[in-house]
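Novice: Sending over input_15.tsv (TSV, C-alpha atoms).
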```tsv
chain	number	residue	atom	x	y	z
S	121	MET	CA	31.72	40.88	42.91
S	122	SER	CA	33.94	39.01	45.28
S	123	GLY	CA	33.45	35.86	43.15
S	124	VAL	CA	34.90	37.62	40.08
S	125	PHE	CA	37.84	38.86	42.16
S	126	LYS	CA	38.60	35.36	43.37
S	127	PHE	CA	38.45	33.99	39.78
S	128	ASN	CA	40.97	36.55	38.54
S	129	LYS	CA	43.25	35.83	41.46
S	130	TRP	CA	43.28	32.15	40.72
S	131	LEU	CA	43.80	32.76	36.97
S	132	SER	CA	46.80	34.94	37.66
S	133	LEU	CA	48.32	32.37	39.92
S	134	CYS	CA	47.80	29.65	37.31
S	135	ILE	CA	49.44	31.69	34.55
S	136	ILE	CA	52.44	32.53	36.69
S	137	THR	CA	52.80	28.94	37.74
S	138	ALA	CA	52.52	27.74	34.12
S	139	LEU	CA	55.22	30.21	33.04
S	140	ILE	CA	57.57	29.10	35.77
S	141	VAL	CA	57.05	25.42	34.98
S	142	CYS	CA	57.42	25.88	31.22
S	143	GLY	CA	60.50	28.05	31.64
S	144	SER	CA	62.19	25.51	33.85
S	145	PHE	CA	61.42	22.72	31.34
S	146	VAL	CA	62.75	24.73	28.44
S	147	VAL	CA	65.97	25.50	30.28
S	148	SER	CA	66.44	21.92	31.33
S	149	TYR	CA	65.69	20.61	27.82
S	150	ALA	CA	68.05	23.04	26.13
S	151	GLY	CA	70.96	22.31	28.44
S	152	SER	CA	70.77	18.58	28.37
S	153	ASP	CA	70.93	17.34	24.74
S	154	CYS	CA	73.26	14.47	25.59
S	155	PRO	CA	71.46	11.13	25.23
S	156	GLN	CA	73.14	9.99	28.39
S	157	GLY	CA	71.50	12.87	30.18
S	158	GLY	CA	72.69	16.29	31.06
S	159	GLU	CA	74.95	18.41	28.95
S	160	HIS	CA	77.64	17.13	26.63
S	161	ASP	CA	81.01	16.96	28.21
S	162	TYR	CA	83.25	17.75	25.27
S	163	THR	CA	86.97	17.24	25.26
S	164	VAL	CA	88.74	19.55	22.83
S	165	THR	CA	91.79	18.38	20.90
S	166	ILE	CA	93.82	20.19	18.24
S	167	VAL	CA	94.06	17.92	15.22
S	168	LYS	CA	95.96	20.38	13.07
S	169	ARG	CA	97.60	23.52	14.25
S	170	ALA	CA	96.71	26.67	12.33
S	171	THR	CA	99.62	28.45	10.70
S	172	GLU	CA	100.00	31.91	9.18
S	173	ASN	CA	98.86	30.63	5.81
S	174	THR	CA	96.67	27.52	6.42
S	175	ASP	CA	93.63	26.82	8.57
S	176	GLY	CA	93.81	24.36	11.47
S	177	VAL	CA	91.32	21.73	12.73
S	178	ARG	CA	89.86	21.53	16.25
S	179	LYS	CA	88.00	18.32	17.30
S	180	TYR	CA	85.33	18.04	20.00
S	181	VAL	CA	84.61	14.61	21.60
S	182	CYS	CA	81.88	14.08	24.17
S	183	SER	CA	83.15	11.89	26.98
S	184	LYS	CA	79.62	10.65	27.77
S	185	CYS	CA	78.09	9.72	24.46
S	186	GLY	CA	81.09	9.89	22.12
S	187	ASP	CA	79.57	12.62	19.95
S	188	THR	CA	82.23	14.33	17.85
S	189	TYR	CA	82.43	17.26	15.56
S	190	THR	CA	85.28	19.32	14.12
S	191	GLU	CA	85.76	22.99	13.81
S	192	ALA	CA	88.11	24.95	11.59
S	193	ILE	CA	90.71	27.15	13.19
S	194	PRO	CA	91.27	30.17	10.98
S	195	ALA	CA	94.79	30.94	9.74
S	196	THR	CA	96.56	33.25	12.04
S	197	GLY	CA	98.13	35.40	9.30
S	198	HIS	CA	101.50	37.11	9.39
S	199	LYS	CA	102.59	40.05	11.40
S	200	TRP	CA	105.53	41.35	9.46
S	201	SER	CA	108.27	43.56	10.68
S	202	SER	CA	109.42	46.44	8.52
S	203	TRP	CA	111.55	45.73	5.44
S	204	VAL	CA	115.28	45.48	6.04
S	205	THR	CA	117.57	46.16	3.10
S	206	ASP	CA	120.13	43.40	2.85
S	207	LYS	CA	121.84	44.76	-0.28
S	208	LYS	CA	121.13	48.16	-1.74
S	209	ALA	CA	120.27	48.38	-5.41
S	210	THR	CA	122.80	50.25	-7.51
S	211	CYS	CA	122.59	51.73	-10.97
S	212	THR	CA	123.37	48.40	-12.58
S	213	ASP	CA	122.89	45.72	-9.90
S	214	LYS	CA	119.78	44.44	-8.17
S	215	GLY	CA	119.30	44.76	-4.44
S	216	TYR	CA	117.65	42.51	-1.88
S	217	ALA	CA	115.42	43.15	1.16
S	218	TYR	CA	113.67	40.94	3.69
S	219	ARG	CA	111.19	41.17	6.50
S	220	LYS	CA	110.55	38.85	9.43
S	221	CYS	CA	107.29	37.53	10.86
S	222	ILE	CA	107.20	38.54	14.51
S	223	LYS	CA	103.91	36.89	15.38
S	224	HIS	CA	105.41	33.56	16.32
S	225	THR	CA	108.97	33.86	17.39
S	226	GLU	CA	109.36	30.10	17.61
S	227	PHE	CA	108.71	29.78	13.86
S	228	THR	CA	111.24	32.09	12.31
S	229	HIS	CA	110.44	32.80	8.72
S	230	TYR	CA	111.20	35.58	6.30
S	231	GLU	CA	109.83	37.09	3.16
S	232	TYR	CA	112.27	38.28	0.54
S	233	LYS	CA	111.95	40.70	-2.33
S	234	THR	CA	114.26	41.92	-5.09
S	235	LEU	CA	114.94	45.59	-5.49
S	236	PRO	CA	115.30	46.41	-9.21
S	237	ALA	CA	118.39	48.16	-10.51
S	238	LEU	CA	117.98	51.90	-10.45
S	239	GLY	CA	119.57	52.67	-13.81
S	240	HIS	CA	121.98	55.50	-14.43
S	241	ASP	CA	120.96	59.09	-13.83
S	242	TYR	CA	123.19	60.85	-16.33
S	243	GLN	CA	123.79	64.56	-16.20
S	244	VAL	CA	125.13	65.95	-19.46
S	245	LYS	CA	127.75	68.66	-19.79
S	246	ILE	CA	128.10	70.02	-23.32
S	247	THR	CA	131.20	71.67	-24.72
S	248	ALA	CA	130.41	73.49	-27.97
S	249	PRO	CA	132.58	72.82	-31.04
S	250	THR	CA	135.10	75.47	-32.03
S	251	SER	CA	137.12	76.14	-35.14
S	252	THR	CA	139.98	74.03	-33.79
S	253	SER	CA	138.26	71.28	-31.85
S	254	ALA	CA	135.09	69.21	-32.04
S	255	GLY	CA	132.32	69.51	-29.49
S	256	MET	CA	131.94	67.05	-26.65
S	257	LYS	CA	129.09	65.85	-24.50
S	258	VAL	CA	130.21	64.40	-21.17
S	259	TYR	CA	127.62	62.23	-19.45
S	260	THR	CA	128.12	61.66	-15.70
S	261	CYS	CA	125.87	59.56	-13.48
S	262	SER	CA	124.89	61.50	-10.37
S	263	ARG	CA	124.71	58.32	-8.29
S	264	CYS	CA	127.73	56.19	-9.16
S	265	GLY	CA	129.89	58.64	-11.10
S	266	ASP	CA	129.87	56.55	-14.26
S	267	THR	CA	131.14	58.70	-17.10
S	268	TYR	CA	131.28	58.51	-20.85
S	269	SER	CA	131.80	61.13	-23.52
S	270	VAL	CA	130.47	61.66	-27.03
S	271	MET	CA	132.17	63.92	-29.56
S	272	PHE	CA	130.04	65.73	-32.08
S	273	GLY	CA	130.41	68.34	-34.82
S	274	SER	CA	133.68	68.92	-36.63
S	275	ALA	CA	136.80	70.94	-36.02
S	276	THR	CA	135.99	73.24	-38.92
S	277	GLY	CA	132.89	74.27	-37.05
S	278	GLY	CA	130.56	73.67	-39.90
S	279	ASN	CA	127.84	71.14	-40.16
S	280	SER	CA	126.43	69.92	-36.88
S	281	SER	CA	123.82	67.82	-38.64
S	282	THR	CA	126.53	65.40	-39.72
S	283	ALA	CA	127.58	64.89	-36.15
S	284	THR	CA	128.92	61.46	-35.47
S	285	ILE	CA	129.82	59.63	-32.34
S	286	LYS	CA	133.56	59.71	-32.14
S	287	SER	CA	134.28	58.16	-28.79
S	288	VAL	CA	132.82	56.32	-25.87
S	289	SER	CA	134.89	56.20	-22.74
S	290	LYS	CA	134.09	55.01	-19.28
S	291	THR	CA	135.91	55.44	-16.00
S	292	ASP	CA	133.63	53.63	-13.61
S	293	LYS	CA	134.97	51.04	-11.30
S	294	ASP	CA	132.36	48.36	-11.97
S	295	ASN	CA	133.09	47.72	-15.60
S	296	VAL	CA	133.17	43.97	-15.08
S	297	SER	CA	129.72	43.82	-13.54
S	298	LYS	CA	128.33	45.95	-16.36
S	299	LEU	CA	129.64	43.56	-18.94
S	300	THR	CA	128.17	40.56	-17.19
S	301	ASP	CA	124.81	42.19	-16.61
S	302	ASP	CA	123.81	43.76	-19.86
S	303	GLY	CA	126.47	42.42	-22.23
S	304	LYS	CA	127.36	45.79	-23.63
S	305	SER	CA	130.95	46.29	-24.62
S	306	LYS	CA	130.76	50.02	-24.30
S	307	ALA	CA	133.12	50.13	-21.37
S	308	ALA	CA	135.58	47.66	-22.75
S	309	THR	CA	136.21	49.69	-25.87
S	310	SER	CA	136.56	52.99	-24.12
S	311	LYS	CA	140.25	53.64	-24.48
S	312	SER	CA	140.61	52.42	-28.02
S	313	ASN	CA	137.62	54.40	-29.12
S	314	THR	CA	138.91	57.53	-27.46
S	315	ALA	CA	142.20	57.15	-29.27
S	316	ALA	CA	140.40	56.64	-32.54
S	317	ALA	CA	138.28	59.67	-31.89
S	318	THR	CA	141.26	61.94	-31.58
S	319	LYS	CA	142.36	60.80	-35.02
S	320	GLY	CA	138.87	60.95	-36.43
S	321	THR	CA	138.82	64.64	-37.25
S	322	SER	CA	141.88	64.54	-39.48
S	323	SER	CA	140.85	61.31	-41.18
S	324	THR	CA	137.54	62.86	-42.16
S	325	THR	CA	139.15	65.34	-44.57
S	326	ALA	CA	141.40	62.69	-46.14
S	327	ALA	CA	138.46	60.50	-46.98
S	328	VAL	CA	137.04	62.77	-49.75
S	329	PRO	CA	136.69	60.65	-52.90
S	330	PHE	CA	138.40	61.40	-56.24
S	331	GLY	CA	135.87	63.57	-58.06
S	332	ALA	CA	135.28	65.33	-61.36
S	333	ALA	CA	137.20	68.44	-60.28
S	334	ASP	CA	140.25	66.36	-59.52
S	335	ALA	CA	139.98	64.65	-62.91
S	336	ALA	CA	139.70	68.04	-64.67
S	337	ILE	CA	142.81	69.40	-62.96
S	338	LEU	CA	144.79	66.27	-63.78
S	339	GLY	CA	143.64	66.37	-67.43
S	340	ALA	CA	144.57	70.05	-67.73
S	341	ASN	CA	148.08	69.30	-66.52
S	342	GLY	CA	148.47	66.55	-69.10
S	343	VAL	CA	147.17	68.69	-71.96
S	344	ALA	CA	149.48	71.57	-71.01
S	345	ILE	CA	152.53	69.34	-70.93
S	346	LEU	CA	151.63	67.77	-74.32
S	347	TRP	CA	150.92	71.17	-75.88
S	348	PHE	CA	154.26	72.68	-74.90
S	349	ILE	CA	156.16	69.56	-75.97
S	350	LEU	CA	154.64	69.84	-79.48
S	351	LEU	CA	155.30	73.59	-79.58
S	352	LEU	CA	158.85	73.60	-78.25
S	353	LEU	CA	160.14	70.42	-79.91
S	354	PRO	CA	160.75	72.00	-83.41
S	355	LEU	CA	162.52	74.94	-81.84
S	356	ILE	CA	164.74	72.64	-79.83
S	357	ARG	CA	165.58	70.61	-82.97
S	358	VAL	CA	166.52	73.83	-84.77
S	359	MET	CA	168.83	74.80	-81.94
S	360	PHE	CA	170.58	71.41	-82.15
S	361	TRP	CA	170.90	71.79	-85.96
S	362	VAL	CA	172.45	75.25	-85.53
S	363	ALA	CA	174.93	73.95	-82.98
S	364	LYS	CA	175.89	71.13	-85.32
S	365	LYS	CA	176.48	73.51	-88.22
S	366	ARG	CA	178.62	75.76	-86.08
S	367	ARG	CA	180.83	72.83	-85.11
S	368	GLU	CA	181.18	71.81	-88.81
S	369	ALA	CA	182.11	75.40	-89.75
S	370	GLU	CA	184.76	75.48	-87.08
S	371	GLU	CA	186.21	72.18	-88.25
S	372	ASP	CA	186.39	73.46	-91.88
S	373	GLN	CA	188.32	76.47	-90.78
R	169	MET	CA	139.53	73.56	-50.87
R	170	ILE	CA	141.17	70.18	-50.81
R	171	THR	CA	144.96	70.23	-50.71
R	172	ARG	CA	145.47	67.91	-53.67
R	173	ARG	CA	143.38	70.17	-55.91
R	174	ILE	CA	145.41	73.20	-54.87
R	175	VAL	CA	148.64	71.32	-55.67
R	176	GLY	CA	147.24	70.28	-59.07
R	177	LEU	CA	146.36	73.87	-59.98
R	178	ILE	CA	149.79	75.11	-58.89
R	179	ILE	CA	151.51	72.49	-61.07
R	180	LEU	CA	149.34	73.52	-64.03
R	181	ALA	CA	150.28	77.19	-63.54
R	182	VAL	CA	153.99	76.33	-63.35
R	183	ILE	CA	153.77	74.26	-66.57
R	184	ILE	CA	152.10	77.14	-68.43
R	185	VAL	CA	154.57	79.79	-67.19
R	186	VAL	CA	157.67	77.66	-67.86
R	187	GLY	CA	156.34	76.62	-71.30
R	188	ILE	CA	155.65	80.19	-72.38
R	189	THR	CA	159.07	81.34	-71.12
R	190	LEU	CA	160.90	78.55	-72.97
R	191	TYR	CA	158.91	79.28	-76.13
R	192	ILE	CA	159.83	82.94	-76.08
R	193	VAL	CA	163.53	82.26	-75.38
R	194	LEU	CA	163.89	79.57	-78.06
R	195	LYS	CA	161.90	81.62	-80.59
R	196	ASN	CA	164.31	84.54	-80.14
R	197	LYS	CA	167.34	82.30	-80.61
R	198	VAL	CA	165.91	80.72	-83.73
R	199	SER	CA	165.16	84.19	-85.09
R	200	ASP	CA	168.78	85.23	-84.50
R	201	VAL	CA	170.00	82.15	-86.37
R	202	GLU	CA	167.61	82.78	-89.23
R	203	SER	CA	168.88	86.35	-89.61
R	204	ASP	CA	172.46	85.06	-90.12
R	205	LEU	CA	171.49	82.58	-92.79
R	206	VAL	CA	172.25	83.35	-96.49
R	207	ILE	CA	169.96	82.03	-99.07
R	208	ARG	CA	171.94	80.39	-101.92
R	209	ASN	CA	171.18	78.20	-104.87
R	210	LYS	CA	171.34	74.53	-104.44
R	211	GLY	CA	174.30	74.09	-106.83
R	212	GLU	CA	176.39	76.55	-104.97
R	213	ILE	CA	176.27	74.52	-101.88
R	214	LYS	CA	179.45	72.47	-101.40
R	215	GLY	CA	179.14	68.75	-101.90
R	216	LYS	CA	175.75	68.98	-103.58
```
Written as structure tokens, how would this file's structure read?
Specialist:
Amino acid sequence: MSGVFKFNKWLSLCIITALIVCGSFVVSYAGSDCPQGGEHDYTVTIVKRATENTDGVRKYVCSKCGDTYTEAIPATGHKWSSWVTDKKATCTDKGYAYRKCIKHTEFTHYEYKTLPALGHDYQVKITAPTSTSAGMKVYTCSRCGDTYSVMFGSATGGNSSTATIKSVSKTDKDNVSKLTDDGKSKAATSKSNTAAATKGTSSTTAAVPFGAADAAILGANGVAILWFILLLLPLIRVMFWVAKKRREAEEDQ
Amino acid sequence: MITRRIVGLIILAVIIVVGITLYIVLKNKVSDVESDLVIRNKGEIKGK
């Protein structure tokens, strides 16, 4: 019995010893892969600095055996500030905004963007046509105050389906920029068109073409004149003959 | 109605009224003259 106990004791000691020896060899082998012995003694150099957009390169050189390898440095990316409006967009003009990268203050760089024109936000005010004046729609932009008016209907108050645009007038202060941006001549013709519109109602009635009714009235006038000339002419000749005879009778006496 | 058509109708009415009035006046005068005339033979007329 004591012999078995001694054998187990020695076996345990051998296993423990073998584990310690193997462990120490493994650790020493793993930590010393330099051919010159021991661990590599790398010197790190930055070949290319990483930026916000591009990767960099890091190079490792072993001072003992000269072993080298490179490693990519990931791009740092931007850290943008909030957008700052440089120029506000208006109804007709574009605006501009920028933001600044605050990650690296030594490399000041910006990102820009264009703010599209907002377009007019017209509110319409309608004046209904009456028997003496045409109707009018006044369009006013709620942002910039741009205004133009459109006349419709007729002064006689009749047919609204034949409504025509009589005038376009503008009173905004940025007429020049409008003309250069979209090329429309709406603003430029405002005053002349307004003047023409005031005359438009009266010129509408004068523009009725010469029709069959007019021809019938004119023909009736001509026929009446011709008829009475033919009817009255003999009577007039008789009156002249009578007057002549009376003069001859007076001369004979 | 169009103004020119109204004017044309007014002119037509004036022509008819004036024509009828002149016809009546002249017809009465001619009738008066005819009532004074004496019907004679052609040989009795002086110079014929």
Novice: With all atoms listed in the file considered, list every residue of chain R at most 9 Å from chain S, as a ChimeraX atom specification.
Specialist: /R:170,172-173,176-177,179-181,183-184,187-188,190-191,194-195,197-198,201
Novice: Could you tell me how far CA of Tyr232 (chain S) lies from CA of Arg263 (chain S), in Å and to one decimal?
Specialist: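 A separation of 25.2 Å between them.
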Novice: When you draw a straight line from CA of Thr188 (chain S) to CA of Tyr162 (chain S), how long is it in Å?
Specialist: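 Calculated distance between CA of Thr188 (chain S) and CA of Tyr162 (chain S) is 8.2 Å.
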Novice: Would you compute the distance between CA of Cys221 (chain S) and CA of Trp203 (chain S)? Give it in Å to one decimal.
Specialist: 10.7 Å
Novice: With 12 Å as the threshold, what does the neighbourhood of (122.0, 50.9, -2.7) contain in terms of residues, counting only C-alpha atoms? Coordinates are those of the file; answer as a CSV table (one decimal) with C-alpha atoms, keeping the file's coordinate frame.
Specialist:
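Okay, selection_7.csv is ready:
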```
chain,number,residue,atom,x,y,z
S,205,THR,CA,117.6,46.2,3.1
S,206,ASP,CA,120.1,43.4,2.8
S,207,LYS,CA,121.8,44.8,-0.3
S,208,LYS,CA,121.1,48.2,-1.7
S,209,ALA,CA,120.3,48.4,-5.4
S,210,THR,CA,122.8,50.2,-7.5
S,211,CYS,CA,122.6,51.7,-11.0
S,212,THR,CA,123.4,48.4,-12.6
S,213,ASP,CA,122.9,45.7,-9.9
S,214,LYS,CA,119.8,44.4,-8.2
S,215,GLY,CA,119.3,44.8,-4.4
S,216,TYR,CA,117.6,42.5,-1.9
S,217,ALA,CA,115.4,43.2,1.2
S,235,LEU,CA,114.9,45.6,-5.5
S,236,PRO,CA,115.3,46.4,-9.2
S,237,ALA,CA,118.4,48.2,-10.5
S,238,LEU,CA,118.0,51.9,-10.4
S,239,GLY,CA,119.6,52.7,-13.8
S,263,ARG,CA,124.7,58.3,-8.3
S,264,CYS,CA,127.7,56.2,-9.2
```
Novice: So which one's closest to His160 (chain S), S:Tyr180, S:Trp130, S:Tyr242, S:Tyr268? Using only C-alpha atoms, please.
Specialist: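 Among the listed residues, S:Tyr180 lies closest to His160 (chain S).
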Novice: Tell me, as a list in words, which residues lie within 7 Å of Ile222 (chain S), counting only C-alpha atoms; anything in the same chain fewer than 4 positions away does not count.
Specialist: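 Counting only C-alpha atoms, the residues come to Lys199, Trp200 and Ser201 of chain S.
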